[in-house]
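Just start.pdb here, PDB, C-alpha atoms:
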```pdb
ATOM      1  CA  MET A   1     143.401 126.593 118.395
ATOM      2  CA  ILE A   2     142.040 123.033 118.120
ATOM      3  CA  PHE A   3     139.409 122.000 120.664
ATOM      4  CA  SER A   4     137.927 118.648 121.608
ATOM      5  CA  ALA A   5     134.377 117.857 120.470
ATOM      6  CA  PRO A   6     132.879 118.712 123.906
ATOM      7  CA  SER A   7     134.704 122.055 123.876
ATOM      8  CA  GLN A   8     133.474 122.786 120.369
ATOM      9  CA  ILE A   9     129.863 122.396 121.438
ATOM     10  CA  ALA A  10     130.554 124.588 124.478
ATOM     11  CA  LEU A  11     131.993 127.214 122.133
ATOM     12  CA  ARG A  12     128.750 127.097 120.105
ATOM     13  CA  GLN A  13     126.948 128.121 123.301
ATOM     14  CA  ILE A  14     129.501 130.666 124.465
ATOM     15  CA  GLU A  15     126.789 133.181 125.434
ATOM     16  CA  TYR A  16     125.967 131.079 128.490
ATOM     17  CA  PHE A  17     129.389 131.988 129.907
ATOM     18  CA  ALA A  18     129.372 135.727 129.164
ATOM     19  CA  ASP A  19     130.484 137.775 132.197
ATOM     20  CA  LYS A  20     130.260 134.760 134.503
ATOM     21  CA  HIS A  21     132.772 133.571 137.080
ATOM     22  CA  VAL A  22     133.355 130.104 135.623
ATOM     23  CA  LEU A  23     134.828 127.069 137.335
ATOM     24  CA  VAL A  24     135.830 124.329 134.868
ATOM     25  CA  ALA A  25     136.091 120.714 136.057
ATOM     26  CA  GLY A  26     135.948 117.121 134.829
ATOM     27  CA  GLU A  27     137.457 115.383 131.788
ATOM     28  CA  LEU A  28     139.510 118.299 130.449
ATOM     29  CA  LYS A  29     141.735 117.571 127.463
ATOM     30  CA  ASP A  30     142.402 120.903 125.774
ATOM     31  CA  ASP A  31     143.010 124.598 126.410
ATOM     32  CA  PHE A  32     139.380 125.741 126.246
ATOM     33  CA  PRO A  33     139.689 127.601 129.586
ATOM     34  CA  SER A  34     142.016 130.036 127.804
ATOM     35  CA  GLU A  35     139.247 130.725 125.272
ATOM     36  CA  LEU A  36     136.774 131.305 128.091
ATOM     37  CA  VAL A  37     139.016 134.052 129.461
ATOM     38  CA  ASN A  38     137.949 136.172 126.490
ATOM     39  CA  HIS A  39     134.276 135.937 127.447
ATOM     40  CA  CYS A  40     134.049 135.509 131.225
ATOM     41  CA  ALA A  41     134.539 137.696 134.263
ATOM     42  CA  SER A  42     136.967 135.092 135.618
ATOM     43  CA  VAL A  43     138.016 131.513 134.924
ATOM     44  CA  SER A  44     139.293 128.892 137.321
ATOM     45  CA  VAL A  45     139.990 125.189 136.868
ATOM     46  CA  PHE A  46     139.668 122.338 139.322
ATOM     47  CA  THR A  47     141.313 119.128 138.156
ATOM     48  CA  THR A  48     142.269 115.793 139.671
ATOM     49  CA  ASN A  49     144.705 115.211 136.786
ATOM     50  CA  TYR A  50     148.252 116.290 137.609
ATOM     51  CA  GLY A  51     149.272 116.457 133.955
ATOM     52  CA  TYR A  52     146.483 118.896 133.151
ATOM     53  CA  PHE A  53     147.268 120.906 136.279
ATOM     54  CA  ASN A  54     150.866 121.319 135.152
ATOM     55  CA  SER A  55     149.723 122.494 131.715
ATOM     56  CA  GLN A  56     147.612 125.278 133.245
ATOM     57  CA  LYS A  57     149.283 126.254 136.505
ATOM     58  CA  ASP A  58     151.456 129.001 135.015
ATOM     59  CA  SER A  59     148.579 130.812 133.305
ATOM     60  CA  LYS A  60     148.357 134.469 134.320
ATOM     61  CA  HIS A  61     144.593 134.606 133.761
ATOM     62  CA  ILE A  62     143.398 131.235 135.090
ATOM     63  CA  ARG A  63     143.480 130.005 138.671
ATOM     64  CA  THR A  64     144.120 126.266 138.686
ATOM     65  CA  TYR A  65     143.468 123.942 141.620
ATOM     66  CA  PHE A  66     144.617 120.331 141.947
ATOM     67  CA  GLY A  67     143.521 117.740 144.461
ATOM     68  CA  ALA A  68     140.984 115.103 145.388
ATOM     69  CA  GLU A  69     138.723 117.847 146.741
ATOM     70  CA  LEU A  70     138.326 121.588 146.120
ATOM     71  CA  THR A  71     139.205 123.115 149.475
ATOM     72  CA  GLN A  72     140.081 126.637 148.325
ATOM     73  CA  ALA A  73     137.592 129.515 148.413
ATOM     74  CA  SER A  74     135.894 130.238 145.088
ATOM     75  CA  ASP A  75     133.716 133.057 143.772
ATOM     76  CA  ALA A  76     132.483 130.958 140.816
ATOM     77  CA  ASN A  77     128.784 131.227 139.953
ATOM     78  CA  LEU A  78     128.818 128.821 136.984
ATOM     79  CA  ILE A  79     130.322 125.336 136.679
ATOM     80  CA  LEU A  80     131.401 123.953 133.310
ATOM     81  CA  LEU A  81     131.554 120.205 133.856
ATOM     82  CA  TYR A  82     133.241 117.995 131.277
ATOM     83  CA  TRP A  83     131.524 114.632 131.746
ATOM     84  CA  PRO A  84     134.068 112.068 133.004
ATOM     85  CA  LYS A  85     134.316 108.446 131.879
ATOM     86  CA  ALA A  86     132.927 107.072 135.151
ATOM     87  CA  LYS A  87     129.387 108.003 136.166
ATOM     88  CA  ALA A  88     130.361 107.677 139.827
ATOM     89  CA  GLU A  89     133.081 110.297 139.332
ATOM     90  CA  ALA A  90     130.547 112.675 137.762
ATOM     91  CA  ASP A  91     128.315 112.320 140.826
ATOM     92  CA  PHE A  92     131.357 112.855 143.062
ATOM     93  CA  LEU A  93     132.385 116.069 141.282
ATOM     94  CA  LEU A  94     128.849 117.418 141.020
ATOM     95  CA  THR A  95     128.077 116.919 144.718
ATOM     96  CA  MET A  96     131.424 118.313 145.843
ATOM     97  CA  LEU A  97     131.304 121.450 143.696
ATOM     98  CA  LEU A  98     127.666 122.297 144.449
ATOM     99  CA  ALA A  99     128.290 121.823 148.169
ATOM    100  CA  LYS A 100     131.164 124.281 147.784
ATOM    101  CA  LEU A 101     129.415 126.901 145.621
ATOM    102  CA  GLY A 102     125.848 126.529 146.883
ATOM    103  CA  LYS A 103     122.322 127.404 145.853
ATOM    104  CA  GLY A 104     121.966 129.613 142.784
ATOM    105  CA  THR A 105     125.000 128.178 140.999
ATOM    106  CA  GLU A 106     124.498 127.623 137.282
ATOM    107  CA  ILE A 107     125.939 124.576 135.558
ATOM    108  CA  CYS A 108     126.799 123.684 131.980
ATOM    109  CA  VAL A 109     127.575 120.041 131.233
ATOM    110  CA  VAL A 110     129.262 118.847 128.034
ATOM    111  CA  GLY A 111     130.241 115.351 127.019
ATOM    112  CA  GLU A 112     130.200 112.670 124.375
ATOM    113  CA  ASN A 113     126.865 110.900 124.050
ATOM    114  CA  ARG A 114     128.509 107.472 124.222
ATOM    115  CA  SER A 115     130.038 108.355 127.607
ATOM    116  CA  GLY A 116     126.590 108.471 129.197
ATOM    117  CA  VAL A 117     126.280 112.248 129.598
ATOM    118  CA  LYS A 118     122.494 111.839 129.444
ATOM    119  CA  SER A 119     122.727 110.570 133.036
ATOM    120  CA  ILE A 120     123.075 114.192 134.163
ATOM    121  CA  GLU A 121     119.309 114.579 133.752
ATOM    122  CA  LYS A 122     118.527 112.231 136.676
ATOM    123  CA  MET A 123     121.700 113.014 138.589
ATOM    124  CA  PHE A 124     120.996 116.745 138.761
ATOM    125  CA  ALA A 125     117.272 116.402 139.555
ATOM    126  CA  PRO A 126     117.716 116.717 143.367
ATOM    127  CA  PHE A 127     119.495 120.057 142.862
ATOM    128  CA  GLY A 128     117.242 121.731 140.299
ATOM    129  CA  PRO A 129     116.194 121.786 136.632
ATOM    130  CA  ILE A 130     118.553 120.957 133.783
ATOM    131  CA  THR A 131     117.866 120.885 130.040
ATOM    132  CA  LYS A 132     119.749 119.814 126.927
ATOM    133  CA  TYR A 133     120.076 122.823 124.623
ATOM    134  CA  ASP A 134     122.428 121.579 121.929
ATOM    135  CA  SER A 135     123.729 118.416 120.307
ATOM    136  CA  ALA A 136     126.542 118.212 117.762
ATOM    137  CA  ARG A 137     129.590 116.096 116.913
ATOM    138  CA  HIS A 138     128.131 113.212 118.953
ATOM    139  CA  CYS A 139     128.136 115.451 122.033
ATOM    140  CA  SER A 140     125.482 117.166 124.149
ATOM    141  CA  PHE A 141     125.307 120.514 125.944
ATOM    142  CA  TYR A 142     123.173 120.935 129.079
ATOM    143  CA  TRP A 143     122.381 124.005 131.150
ATOM    144  CA  GLY A 144     120.835 123.972 134.609
ATOM    145  CA  GLN A 145     120.754 125.791 137.919
ATOM    146  CA  CYS A 146     120.983 124.646 141.509
ATOM    147  CA  THR A 147     117.738 125.850 143.122
ATOM    148  CA  GLN A 148     117.951 123.664 146.245
ATOM    149  CA  GLU A 149     120.323 123.709 149.182
ATOM    150  CA  ALA A 150     123.152 121.331 148.338
ATOM    151  CA  PRO A 151     123.975 118.716 150.999
ATOM    152  CA  SER A 152     127.323 118.876 152.748
ATOM    153  CA  PHE A 153     130.181 116.960 151.175
ATOM    154  CA  GLU A 154     132.365 114.512 153.084
ATOM    155  CA  LEU A 155     135.229 112.932 151.156
ATOM    156  CA  ASP A 156     135.337 109.879 153.416
ATOM    157  CA  SER A 157     131.765 108.953 152.517
ATOM    158  CA  TYR A 158     132.793 108.372 148.878
ATOM    159  CA  PHE A 159     135.381 105.695 149.615
ATOM    160  CA  LYS A 160     134.371 102.150 148.704
ATOM    161  CA  SER A 161     135.963  99.288 150.608
ATOM    162  CA  TYR A 162     136.505  95.663 149.656
ATOM    163  CA  VAL A 163     138.778  92.807 150.614
ATOM    164  CA  VAL A 164     141.391  91.068 148.475
ATOM    165  CA  THR A 165     142.853  87.789 149.716
ATOM    166  CA  VAL A 166     146.435  87.018 148.685
ATOM    167  CA  ALA A 167     148.516  84.190 150.148
ATOM    168  CA  ASP A 168     145.890  83.672 152.863
ATOM    169  CA  GLN A 169     146.168  87.303 153.909
ATOM    170  CA  GLU A 170     143.313  89.790 153.658
ATOM    171  CA  ILE A 171     144.026  93.221 152.221
ATOM    172  CA  GLN A 172     141.571  96.057 152.815
ATOM    173  CA  VAL A 173     141.237  98.210 149.700
ATOM    174  CA  ARG A 174     139.874 101.755 149.810
ATOM    175  CA  SER A 175     139.031 103.561 146.582
ATOM    176  CA  LEU A 176     137.403 106.772 145.377
ATOM    177  CA  PRO A 177     135.264 107.144 142.212
ATOM    178  CA  GLY A 178     137.183 107.421 138.966
ATOM    179  CA  VAL A 179     140.073 105.313 140.244
ATOM    180  CA  PHE A 180     141.163 102.064 138.588
ATOM    181  CA  SER A 181     139.993  99.070 140.668
ATOM    182  CA  HIS A 182     137.259 101.208 142.269
ATOM    183  CA  GLY A 183     135.011  98.978 144.329
ATOM    184  CA  GLU A 184     136.318  95.691 142.926
ATOM    185  CA  PHE A 185     139.491  93.779 142.174
ATOM    186  CA  ASP A 186     139.821  93.524 138.396
ATOM    187  CA  LYS A 187     140.944  90.407 136.552
ATOM    188  CA  GLY A 188     144.013  92.089 135.103
ATOM    189  CA  SER A 189     145.351  92.990 138.551
ATOM    190  CA  GLN A 190     144.625  89.477 139.798
ATOM    191  CA  LEU A 191     146.562  88.007 136.896
ATOM    192  CA  LEU A 192     149.498  90.299 137.634
ATOM    193  CA  VAL A 193     149.412  89.391 141.335
ATOM    194  CA  ASP A 194     149.452  85.703 140.437
ATOM    195  CA  THR A 195     152.634  86.161 138.373
ATOM    196  CA  LEU A 196     154.595  88.515 140.663
ATOM    197  CA  PRO A 197     158.199  87.455 141.272
ATOM    198  CA  THR A 198     159.976  87.813 144.611
ATOM    199  CA  LEU A 199     160.913  91.486 144.999
ATOM    200  CA  LYS A 200     163.656  93.319 146.825
ATOM    201  CA  GLY A 201     165.016  96.817 147.144
ATOM    202  CA  LYS A 202     163.151  99.930 146.057
ATOM    203  CA  VAL A 203     159.985  99.074 144.106
ATOM    204  CA  LEU A 204     157.709 101.458 142.235
ATOM    205  CA  ASP A 205     154.008 100.813 141.680
ATOM    206  CA  PHE A 206     153.581 103.098 138.674
ATOM    207  CA  GLY A 207     149.959 104.077 138.085
ATOM    208  CA  CYS A 208     148.976 102.784 141.522
ATOM    209  CA  GLY A 209     145.222 103.386 141.304
ATOM    210  CA  ALA A 210     143.649 102.261 144.573
ATOM    211  CA  GLY A 211     146.978 100.930 145.820
ATOM    212  CA  VAL A 212     146.081  97.254 145.523
ATOM    213  CA  LEU A 213     149.237  96.042 143.800
ATOM    214  CA  GLY A 214     151.552  98.179 145.894
ATOM    215  CA  SER A 215     149.981  96.838 149.083
ATOM    216  CA  VAL A 216     150.150  93.254 147.818
ATOM    217  CA  MET A 217     153.825  93.657 146.935
ATOM    218  CA  LYS A 218     154.589  95.108 150.364
ATOM    219  CA  ILE A 219     152.741  92.339 152.211
ATOM    220  CA  LEU A 220     154.359  89.569 150.172
ATOM    221  CA  ASN A 221     157.776  91.258 150.345
ATOM    222  CA  PRO A 222     157.825  93.136 153.686
ATOM    223  CA  ASN A 223     161.452  94.238 153.330
ATOM    224  CA  ILE A 224     160.984  96.213 150.117
ATOM    225  CA  GLU A 225     160.775 100.006 150.013
ATOM    226  CA  ILE A 226     157.473 100.492 148.234
ATOM    227  CA  ASN A 227     156.841 103.668 146.231
ATOM    228  CA  MET A 228     153.471 104.313 144.606
ATOM    229  CA  CYS A 229     152.580 107.029 142.123
ATOM    230  CA  ASP A 230     149.748 108.114 139.862
ATOM    231  CA  ILE A 231     148.628 111.087 137.786
ATOM    232  CA  SER A 232     145.270 111.229 139.598
ATOM    233  CA  ALA A 233     144.726 112.961 142.931
ATOM    234  CA  LEU A 234     141.851 110.539 143.550
ATOM    235  CA  ALA A 235     144.236 107.609 143.103
ATOM    236  CA  ILE A 236     146.789 109.174 145.444
ATOM    237  CA  ALA A 237     144.150 109.613 148.158
ATOM    238  CA  SER A 238     142.932 106.047 147.573
ATOM    239  CA  SER A 239     146.406 104.503 147.778
ATOM    240  CA  GLU A 240     147.196 106.418 150.945
ATOM    241  CA  ALA A 241     143.930 105.191 152.476
ATOM    242  CA  THR A 242     144.645 101.590 151.431
ATOM    243  CA  LEU A 243     148.104 101.651 152.993
ATOM    244  CA  LYS A 244     146.682 103.132 156.192
ATOM    245  CA  ALA A 245     143.882 100.532 156.339
ATOM    246  CA  ASN A 246     146.500  97.750 156.261
ATOM    247  CA  ASN A 247     149.029  99.404 158.593
ATOM    248  CA  LEU A 248     151.589  99.496 155.795
ATOM    249  CA  GLN A 249     154.345 102.030 155.218
ATOM    250  CA  GLY A 250     154.994 103.402 151.745
ATOM    251  CA  HIS A 251     155.754 106.580 149.827
ATOM    252  CA  VAL A 252     152.812 107.754 147.700
ATOM    253  CA  PHE A 253     153.339 110.661 145.322
ATOM    254  CA  VAL A 254     151.812 112.293 142.282
ATOM    255  CA  THR A 255     153.493 112.347 138.875
ATOM    256  CA  ASP A 256     152.713 113.222 135.281
ATOM    257  CA  VAL A 257     155.222 110.559 134.131
ATOM    258  CA  TYR A 258     157.977 113.129 133.728
ATOM    259  CA  SER A 259     158.141 114.574 137.246
ATOM    260  CA  ASN A 260     158.854 113.613 140.855
ATOM    261  CA  THR A 261     160.187 110.108 140.168
ATOM    262  CA  ASP A 262     163.651 108.846 141.143
ATOM    263  CA  ASN A 263     166.062 106.954 138.908
ATOM    264  CA  ASN A 264     167.062 104.098 141.206
ATOM    265  CA  TYR A 265     163.970 101.870 141.379
ATOM    266  CA  HIS A 266     163.884  98.097 141.146
ATOM    267  CA  PHE A 267     160.731  97.311 139.175
ATOM    268  CA  ILE A 268     159.034  93.962 138.761
ATOM    269  CA  ILE A 269     161.510  93.646 135.899
ATOM    270  CA  GLU A 270     164.742  95.302 136.901
ATOM    271  CA  LEU A 271     165.738  98.217 134.683
ATOM    272  CA  THR A 272     169.189  99.692 134.169
ATOM    273  CA  ASP A 273     170.000 103.234 133.120
ATOM    274  CA  PRO A 274     167.625 104.176 130.246
ATOM    275  CA  ALA A 275     170.638 105.138 128.134
ATOM    276  CA  THR A 276     171.640 101.464 128.000
ATOM    277  CA  LEU A 277     168.241 100.139 126.926
ATOM    278  CA  SER A 278     168.059  98.573 123.487
ATOM    279  CA  PRO A 279     165.439 100.117 121.195
ATOM    280  CA  MET A 280     162.489  97.873 120.352
ATOM    281  CA  THR A 281     161.653  97.210 116.731
ATOM    282  CA  LYS A 282     158.228  96.368 115.294
ATOM    283  CA  GLN A 283     157.496  92.930 113.952
ATOM    284  CA  LEU A 284     154.362  90.957 113.156
ATOM    285  CA  VAL A 285     153.866  88.314 115.848
ATOM    286  CA  PHE A 286     150.483  86.982 114.733
ATOM    287  CA  ASN A 287     147.360  88.030 112.837
ATOM    288  CA  SER A 288     144.345  88.142 115.149
ATOM    289  CA  ASP A 289     142.044  87.495 112.175
ATOM    290  CA  ASP A 290     143.553  84.009 111.896
ATOM    291  CA  LEU A 291     142.483  82.972 115.417
ATOM    292  CA  LYS A 292     138.980  82.292 116.672
ATOM    293  CA  GLY A 293     137.643  83.506 120.015
ATOM    294  CA  LEU A 294     139.573  86.772 120.119
ATOM    295  CA  PRO A 295     137.906  90.151 120.833
ATOM    296  CA  SER A 296     136.559  91.773 117.663
ATOM    297  CA  LYS A 297     137.997  95.076 118.888
ATOM    298  CA  THR A 298     141.159  95.089 120.992
ATOM    299  CA  GLU A 299     141.673  97.902 123.511
ATOM    300  CA  GLY A 300     145.069  96.845 124.793
ATOM    301  CA  ILE A 301     147.786  94.214 124.873
ATOM    302  CA  ALA A 302     149.904  93.315 127.901
ATOM    303  CA  MET A 303     153.048  91.180 127.883
ATOM    304  CA  LEU A 304     152.944  88.774 130.838
ATOM    305  CA  ASN A 305     156.277  87.209 129.914
ATOM    306  CA  ASP A 306     158.310  86.680 126.750
ATOM    307  CA  LYS A 307     155.953  83.917 125.514
ATOM    308  CA  THR A 308     152.569  85.127 126.791
ATOM    309  CA  LEU A 309     150.352  88.027 125.735
ATOM    310  CA  LEU A 310     147.086  89.241 127.282
ATOM    311  CA  LEU A 311     144.480  90.825 124.991
ATOM    312  CA  VAL A 312     141.764  93.088 126.436
ATOM    313  CA  ASN A 313     138.660  93.904 124.439
ATOM    314  CA  ASP A 314     137.246  97.382 123.761
ATOM    315  CA  ASN A 315     133.873  97.401 125.552
ATOM    316  CA  ASP A 316     133.023 101.054 124.722
ATOM    317  CA  PHE A 317     132.710 101.919 128.420
ATOM    318  CA  GLY A 318     130.040  99.214 128.840
ATOM    319  CA  ILE A 319     127.353 101.427 127.305
ATOM    320  CA  ASP A 320     125.799  98.570 125.336
ATOM    321  CA  GLY A 321     126.167  96.144 128.221
ATOM    322  CA  LYS A 322     129.331  94.602 126.817
ATOM    323  CA  ALA A 323     131.584  93.297 129.574
ATOM    324  CA  VAL A 324     135.355  93.520 129.756
ATOM    325  CA  SER A 325     136.935  90.283 128.596
ATOM    326  CA  MET A 326     140.516  89.087 128.475
ATOM    327  CA  VAL A 327     142.179  86.392 126.406
ATOM    328  CA  LYS A 328     145.589  84.971 127.259
ATOM    329  CA  LEU A 329     147.692  83.795 124.318
ATOM    330  CA  SER A 330     150.669  81.498 124.859
ATOM    331  CA  PHE A 331     153.303  80.950 122.178
ATOM    332  CA  PRO A 332     155.810  78.098 121.862
ATOM    333  CA  THR A 333     158.679  80.534 121.360
ATOM    334  CA  LYS A 334     159.509  84.058 122.451
ATOM    335  CA  VAL A 335     157.303  86.736 120.885
ATOM    336  CA  ILE A 336     159.522  89.562 122.075
ATOM    337  CA  ASP A 337     162.880  90.018 123.757
ATOM    338  CA  TYR A 338     162.541  92.852 126.273
ATOM    339  CA  ARG A 339     165.928  92.380 127.959
ATOM    340  CA  THR A 340     168.589  95.059 128.014
ATOM    341  CA  ASN A 341     172.124  94.511 126.789
TER
END
```
Show the structure stored in the file as structure tokens.
Amino acid sequence: MIFSAPSQIALRQIEYFADKHVLVAGELKDDFPSELVNHCASVSVFTTNYGYFNSQKDSKHIRTYFGAELTQASDANLILLYWPKAKAEADFLLTMLLAKLGKGTEICVVGENRSGVKSIEKMFAPFGPITKYDSARHCSFYWGQCTQEAPSFELDSYFKSYVVTVADQEIQVRSLPGVFSHGEFDKGSQLLVDTLPTLKGKVLDFGCGAGVLGSVMKILNPNIEINMCDISALAIASSEATLKANNLQGHVFVTDVYSNTDNNYHFIIELTDPATLSPMTKQLVFNSDDLKGLPSKTEGIAMLNDKTLLLVNDNDFGIDGKAVSMVKLSFPTKVIDYRTN
């Protein structure tokens, strides 16, 4: 069985989990909970990722919970926290789980050093002592114990609110930690809003995040049937809260890409039956080394239209203070033909 680097360092310290009732949470990417079954009294998983939930839900030996908040009863006495990409999400998970499990709960934290896992040292201080006991494969392993009474947890207190103005209309956005567009309206979403066509029919906001784009589309096109979906329970809760804050009606649902979606949506670009789509072939459009002012490392490319590309740099999670930057490239002729036959 192949494990991620954080799981490998957890496996090196497997004695910490012996005979414990372990609750696993955070940035899970592999099947390490199944390995823990061989060493622990019991294993349960709490995840906000619907794809991971589906991969574990049928396990006979692991109880798996999905949602924005752990509401089910738990007998866990040790938390294994996989450090998430967003520090705010780590604080969210830590506070929620300790409020649920209480004083005396042990915690093991694993994560890549570049993701900022060292922040657990200050973050956990109000709850009790925590110490790094291992470091390998660019990852760290911490163990600690909650020796103080954990404060109560209220999901509503973790929502951030901000206002987006589109076509002279204000949209109230509500977002939870770990959700795209959390606490601010990103440049990429603004660029997409600025280029939205007139919409009609049934529209899907796929990967809805905080529900900004779906709400904008509904306000600008009040007659559409807006559907919004995401793989994250935190995003689903955020989108529902954003719709409610703006008195908008829409259908928000969770998906892992392959489940729960319909086949009759009208997207921003209208799609026909997938069976009629023409396959796309690779071709060299341009060499980024030939152009000045482009990101030295490119994280992603978006096609705004058939003559315009958007390049986004790789800022390594902002650890070195590098900001996200975007460069828009316009070409005199089409760089790709995305139309169906």
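Using only C-alpha atoms, every residue with an atom at most 10 Å from the point (142.7, 105.5, 139.7) is listed here: Ser175, Leu176, Pro177, Gly178, Val179, Phe180, Ser181, His182, Gly207, Cys208, Gly209, Ala210, Gly211, Asp230, Ile231, Ser232, Ala233, Leu234, Ala235, Ile236, Ala237, Ser238 and Ser239 of chain A.
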Taking the file as shown, find all residues satisfying the PyMOL selection byres ((chain A and resi 196) around 10) and write them as a CSV table (one decimal) with C-alpha atoms, in the coordinates of the input.
```
chain,number,residue,atom,x,y,z
A,191,LEU,CA,146.6,88.0,136.9
A,192,LEU,CA,149.5,90.3,137.6
A,193,VAL,CA,149.4,89.4,141.3
A,194,ASP,CA,149.5,85.7,140.4
A,195,THR,CA,152.6,86.2,138.4
A,197,PRO,CA,158.2,87.5,141.3
A,198,THR,CA,160.0,87.8,144.6
A,199,LEU,CA,160.9,91.5,145.0
A,213,LEU,CA,149.2,96.0,143.8
A,216,VAL,CA,150.2,93.3,147.8
A,217,MET,CA,153.8,93.7,146.9
A,220,LEU,CA,154.4,89.6,150.2
A,268,ILE,CA,159.0,94.0,138.8
A,269,ILE,CA,161.5,93.6,135.9
A,304,LEU,CA,152.9,88.8,130.8
```
Requested in this report: Mind checking which residues fall within 10 Å of Met1 of chain A, counting only C-alpha atoms, ignoring those fewer than 4 positions away in the same chain, and posting them as a list in words?
Outcome: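 Returned residues: Asp30, Asp31, Phe32 and Glu35 of chain A.
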Requested in this report: Name the residues that the PyMOL selection byres ((chain A and resi 49) around 10) picks from the file above, as a ChimeraX atom specification, using the file's chain letters and numbers.
Outcome: /A:26-28,46-48,50-54,66-68,230-235,254-256
Report task. Go through the shown structure with the PyMOL selection byres ((chain A and resi 149) around 12) and write out the matching residues as a ChimeraX atom specification. Result -> /A:95,98-105,126-128,145-148,150-152
Query - Atom pair atom CA of Gly183 of chain A / atom CA of Lys160 of chain A: separation (Å) - result: 5.4 Å
Query raised in the report: Do you know which residues are at most 9 Å from Leu243 of chain A counting all atoms listed in the file, after dropping those on the same chain fewer than 2 positions away, and could you put them as number ranges by chain?
Result: A: 172-174, 211-212, 214-215, 238-241, 245-250
